[in-house]
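To start, the structure under review is shown below, and the notes come after it.
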Amino acid sequence: MLPTSAESRARTAGTTLTDASRPVLVRGGRLVDPSAGFDAVVDLLVEDGTVSRISKPFEAPARDASVVDADGLWLFPGLTDMHVHLREPGATASETVESGLRAAIAGGFTRVAAMPNTDPPVDTPARVAEMAERGRLAGTADLLVVGCVTRGRKGDAVADIGGMALAGAAAFSDDGSPVLDPGLLAEAMAAAGAAGRVFIQHAEITDLSRGGAVNLGPVSRELGLAGIPDSSETGAVALTLEAAMACGGRVHLTHLSLPGSVDLVREAADRGACATCDVTPHHLALDESEVLRSGACAKMNPPLRSARDREGLVERARAGRIDAVASDHAPHEARLKEAGLAGAPFGITGLETALPVTFDALGRMGAMSPLKMLSLFTTGPASILGVTCPSLAPGRPFEAVLFDPCEEWTPSRDNTRSRSTNTPFLGRTLRGRVRAVWKRRLVYIDGDFVP
Ligand SMILES: [Zn+2]
């Protein structure tokens, strides 16, 4: 547990930190900035919402600055989550843009890309603009809008990708459903490429996975449930990469659950394909046996796989073979998950637990440095999406997270910002917690949002 004195120090700082007119001196924190390859204990001064100076630790004069005692804490740029579901419009009992973006901030994410499988789906320029406006009104994390690849996500005709890009769409995906028709794939990749955007593939051959609730294996057999085979993912990954190679398009494979899928992406990239991939925190941390403990709160698509598969993903992330970690935050109101394993919808929440869960899975015993782990949440997703990555170099806007790597805490219904709590990590002690978030000004500190 964090010593009470440090707890009260941060709280004391919070009372003056909300005065936006004063400079802020973050004193003695470990600054970890992947975009600059920087990792050292420093003092960092912020003036007018901009990083103005980085100096030796505990030496900068405070003058009239509000001082944040960051001794023992990490300071890093605001994180990007390139795959979340905010459920608005259509399922606001599970999440809204406002509640989802607050959950993002509480988890350290200042930018999130929202998938378009809402009701109605985000498949026209007008709907993209409407979503972007909802994000601006929320005024917390930045919302990057992902537009549909096909009209109505029906998989028959490519949507107005160029028009949606002009309206502000950051990427394109039919997430929740794959796009596997070779003609559609080529047309979609060409349109997204012409608009300078990435095509994000949900890799699943639904003819192979249909009816499945969990991974095909000992757990599906024990529970008497239909299982989802590896081939439904690896087959779709192979088809997608083949199409990308044939038409020279750029593709990103999201939420890969199998080491074999990651290897296919890397082999294609080695042969010249423009292909990247992400994995989720839960596929790095949990395996199919979790289904026996958490039931429907461990049901997601793709499913948790075998223990060996999980280890394989961790090895590949540590070896730098995975480009990003994305939460696939998928909130569902409680009554939907109460339908049980066979009947409940796929997906778990993840924005508020992504960092501690990933750090525990990848960084245990110093197996992966904070700099490398944080690159999966910063430079990795930013380069896939083609957006500028927040950095804490002098002259850059102060978009930053103060993080206590040692604080232990337990996600509960009371401390969750999302409207939903469908996660196997509910009630489980996690290590590492976001203490404060700035977006030029302080927006969040010790569990509270600054108005
Ligand atoms: Zn998906």
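Chains: A, B, ... in order of the structure tokens. Residues: from 1 per chain. Ligands: from 1, in order shown.
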
Excluding A:Arg134 and residues on its chain fewer than 4 positions from it, collect all residues at most 8 Å away from it, counting only C-alpha atoms, and give them as an mmCIF file with N, CA and C atoms, in the first residue's frame.
```cif
data_model
loop_
_atom_site.group_PDB
_atom_site.id
_atom_site.type_symbol
_atom_site.label_atom_id
_atom_site.label_comp_id
_atom_site.auth_asym_id
_atom_site.auth_seq_id
_atom_site.Cartn_x
_atom_site.Cartn_y
_atom_site.Cartn_z
ATOM 1 N N VAL A 97 -20.932 8.184 -24.200
ATOM 2 C CA VAL A 97 -19.667 8.811 -24.576
ATOM 3 C C VAL A 97 -19.071 9.480 -23.333
ATOM 4 N N GLU A 98 -19.930 10.161 -22.572
ATOM 5 C CA GLU A 98 -19.423 10.882 -21.406
ATOM 6 C C GLU A 98 -18.843 9.925 -20.347
ATOM 7 N N GLU A 130 -21.361 13.785 -35.845
ATOM 8 C CA GLU A 130 -22.195 13.777 -34.629
ATOM 9 C C GLU A 130 -21.427 13.146 -33.453
ATOM 10 N N ALA A 138 -18.186 16.249 -24.178
ATOM 11 C CA ALA A 138 -17.806 15.566 -22.932
ATOM 12 C C ALA A 138 -16.627 16.278 -22.281
#
```

Around ligand 1, which protein and nucleic acid residues have at least one atom no more than 10 Å from it, if we count only C-alpha atoms and all ligand atoms? List them as a PDB file with C-alpha atoms, in the first residue's frame.
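What ended up in part.pdb:
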```pdb
ATOM      1  CA  HIS A  83     -10.048   0.141 -29.559  1.00  0.00           C
ATOM      2  CA  VAL A  84     -12.983   0.899 -27.249  1.00  0.00           C
ATOM      3  CA  HIS A  85     -16.779   0.633 -27.363  1.00  0.00           C
ATOM      4  CA  MET A 115     -15.550   1.512 -32.676  1.00  0.00           C
ATOM      5  CA  ASN A 117     -20.754  -0.873 -34.027  1.00  0.00           C
ATOM      6  CA  SER A 173     -13.424  -0.954 -39.153  1.00  0.00           C
ATOM      7  CA  ASP A 174     -16.511  -3.184 -39.104  1.00  0.00           C
ATOM      8  CA  ASP A 175     -15.361  -4.367 -35.657  1.00  0.00           C
ATOM      9  CA  GLY A 176     -17.578  -7.057 -34.221  1.00  0.00           C
ATOM     10  CA  SER A 177     -17.736  -8.460 -37.757  1.00  0.00           C
ATOM     11  CA  PRO A 178     -14.956  -9.250 -40.201  1.00  0.00           C
ATOM     12  CA  ILE A 200      -8.718  -2.233 -38.831  1.00  0.00           C
ATOM     13  CA  GLN A 201      -9.731  -5.864 -39.191  1.00  0.00           C
ATOM     14  CA  HIS A 202     -11.674  -7.927 -36.626  1.00  0.00           C
ATOM     15  CA  ALA A 203     -10.258 -11.297 -37.673  1.00  0.00           C
ATOM     16  CA  GLU A 204     -12.873 -14.029 -37.425  1.00  0.00           C
ATOM     17  CA  LEU A 253      -5.249  -6.693 -37.079  1.00  0.00           C
ATOM     18  CA  THR A 254      -6.906  -5.946 -33.755  1.00  0.00           C
ATOM     19  CA  HIS A 255      -7.323  -7.934 -30.520  1.00  0.00           C
ATOM     20  CA  LEU A 256      -5.301 -10.966 -31.676  1.00  0.00           C
ATOM     21  CA  MET A 300     -15.261 -12.104 -24.969  1.00  0.00           C
ATOM     22  CA  ASN A 301     -14.554 -12.377 -28.691  1.00  0.00           C
ATOM     23  CA  PRO A 302     -11.945 -13.588 -29.457  1.00  0.00           C
ATOM     24  CA  ASP A 328     -11.346  -3.543 -26.340  1.00  0.00           C
ATOM     25  CA  ALA A 330     -16.796  -3.521 -24.047  1.00  0.00           C
ATOM     26  CA  PHE A 346     -19.240 -10.929 -25.714  1.00  0.00           C
ATOM     27  CA  GLY A 347     -16.931  -8.385 -24.094  1.00  0.00           C
TER      28      GLY A 347
END
```

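Between atom CA of A:His283 and atom CA of A:Leu313 there is a distance of 7.7 Å.
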
For this session: Would you kindly return, as number ranges by chain, each protein, DNA or RNA residue with an atom no farther than 7 Å from any atom of A:Ser391, considering only C-alpha atoms and excluding same-chain residues fewer than 5 positions away?
Result: A: 33, 35, 77, 396

For this session: Please run DSSP on the backbone and report, as a PyMOL selection string, all residues within stretch 170-363 of chain A that come out as strand (DSSP E or B).
Result: chain A and resi 171-173+198-202+214-215+227-228+250-254+274-279+324-325+329

For the residues in the current selection, export C-alpha atoms as a tab-separated table (two decimals), in the first residue's frame.
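Result file follows (out.tsv):
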```
chain	number	residue	atom	x	y	z
A	171	ALA	CA	-9.74	4.92	-38.97
A	172	PHE	CA	-12.16	2.37	-40.46
A	173	SER	CA	-13.42	-0.95	-39.15
A	198	VAL	CA	-5.86	2.62	-41.55
A	199	PHE	CA	-8.26	-0.28	-42.09
A	200	ILE	CA	-8.72	-2.23	-38.83
A	201	GLN	CA	-9.73	-5.86	-39.19
A	202	HIS	CA	-11.67	-7.93	-36.63
A	214	VAL	CA	-15.53	-19.83	-25.25
A	215	ASN	CA	-12.27	-21.26	-26.58
A	227	GLY	CA	-16.09	-23.80	-28.70
A	228	ILE	CA	-14.37	-21.24	-30.93
A	250	ARG	CA	-2.34	-1.13	-45.16
A	251	VAL	CA	-4.07	-3.23	-42.53
A	252	HIS	CA	-4.17	-3.43	-38.75
A	253	LEU	CA	-5.25	-6.69	-37.08
A	254	THR	CA	-6.91	-5.95	-33.76
A	274	CYS	CA	2.05	-2.95	-44.40
A	275	ALA	CA	0.57	-4.81	-41.44
A	276	THR	CA	0.43	-4.21	-37.68
A	277	CYS	CA	-1.38	-5.79	-34.74
A	278	ASP	CA	-2.57	-5.22	-31.18
A	279	VAL	CA	-3.48	-7.47	-28.28
A	324	ALA	CA	0.08	-1.89	-29.44
A	325	VAL	CA	-2.06	-2.91	-26.50
A	329	HIS	CA	-13.36	-1.93	-23.51
```

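Shell of stretch 368-377 of chain A at 7 Å, with only C-alpha atoms counted and residues fewer than 6 places along the chain excluded, is Val32, Asp33, Pro34, Asp39, Leu79, Thr80, Asp81, Arg318, Asp323, Ala324, Val325 and Leu362 of chain A.
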
Problem set entry | Surrounding residues of A:Ser232 excluding itself and chain neighbours under 5 positions, 7 Å, only C-alpha atoms, as a ChimeraX atom specification | /A:204-206,208-209

Exercise. A:Ile384, A:Ala167, A:Ala104, A:Leu355: which is nearest A:Val128, counting only C-alpha atoms?
Worked result: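 With only C-alpha atoms as the atom set, the closest residue is A:Ala167.
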
For this session: Select from stretch 46-144 of chain A everything DSSP, run on the backbone, classes as alpha helix (DSSP H), then give the selection as a ChimeraX atom specification.
Result: /A:97-106,125-138

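Using only C-alpha atoms, the shortest contact distance between A:Pro57 and any of A:Ala159, A:Val24, A:Cys247, A:Val42 is found at A:Val42.
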
Exercise. Neighbours of A:Gly395 within 8 Å (only C-alpha atoms; same-chain residues fewer than 2 positions away dropped), as a ChimeraX atom specification?
Worked result: /A:50-52,393,397

Just-selected residues, N, CA and C atoms written as a PDB file, in the first residue's frame:
```
ATOM      1  N   THR A  50       2.032  24.223 -20.881  1.00  0.00           N
ATOM      2  CA  THR A  50       3.075  23.710 -21.767  1.00  0.00           C
ATOM      3  C   THR A  50       4.294  23.307 -20.937  1.00  0.00           C
ATOM      4  N   VAL A  51       4.932  22.208 -21.332  1.00  0.00           N
ATOM      5  CA  VAL A  51       6.163  21.796 -20.636  1.00  0.00           C
ATOM      6  C   VAL A  51       7.219  22.865 -20.919  1.00  0.00           C
ATOM      7  N   SER A  52       7.751  23.492 -19.868  1.00  0.00           N
ATOM      8  CA  SER A  52       8.700  24.572 -20.147  1.00  0.00           C
ATOM      9  C   SER A  52      10.137  24.175 -19.816  1.00  0.00           C
ATOM     10  N   ALA A 393       8.314  16.531 -23.979  1.00  0.00           N
ATOM     11  CA  ALA A 393       9.503  17.334 -24.286  1.00  0.00           C
ATOM     12  C   ALA A 393       9.157  18.813 -24.103  1.00  0.00           C
ATOM     13  N   PRO A 397       2.494  20.482 -25.335  1.00  0.00           N
ATOM     14  CA  PRO A 397       1.389  20.619 -24.371  1.00  0.00           C
ATOM     15  C   PRO A 397       1.537  19.587 -23.245  1.00  0.00           C
TER      16      PRO A 397
END
```

For this session: Identify, on the basis of only C-alpha atoms, every residue whose closest approach to A:Leu442 does not exceed 12 Å; exclude the query and any residue fewer than 4 positions from it along the same chain; express the result as JSON, numbers by chain.
Result: {"A": [13, 14, 15, 16, 17, 18, 19, 20, 21, 22, 23, 24, 46, 48, 49, 66, 68, 105, 140, 398, 399, 400, 401, 402, 435, 436, 437, 438, 446, 448, 449, 450, 451]}
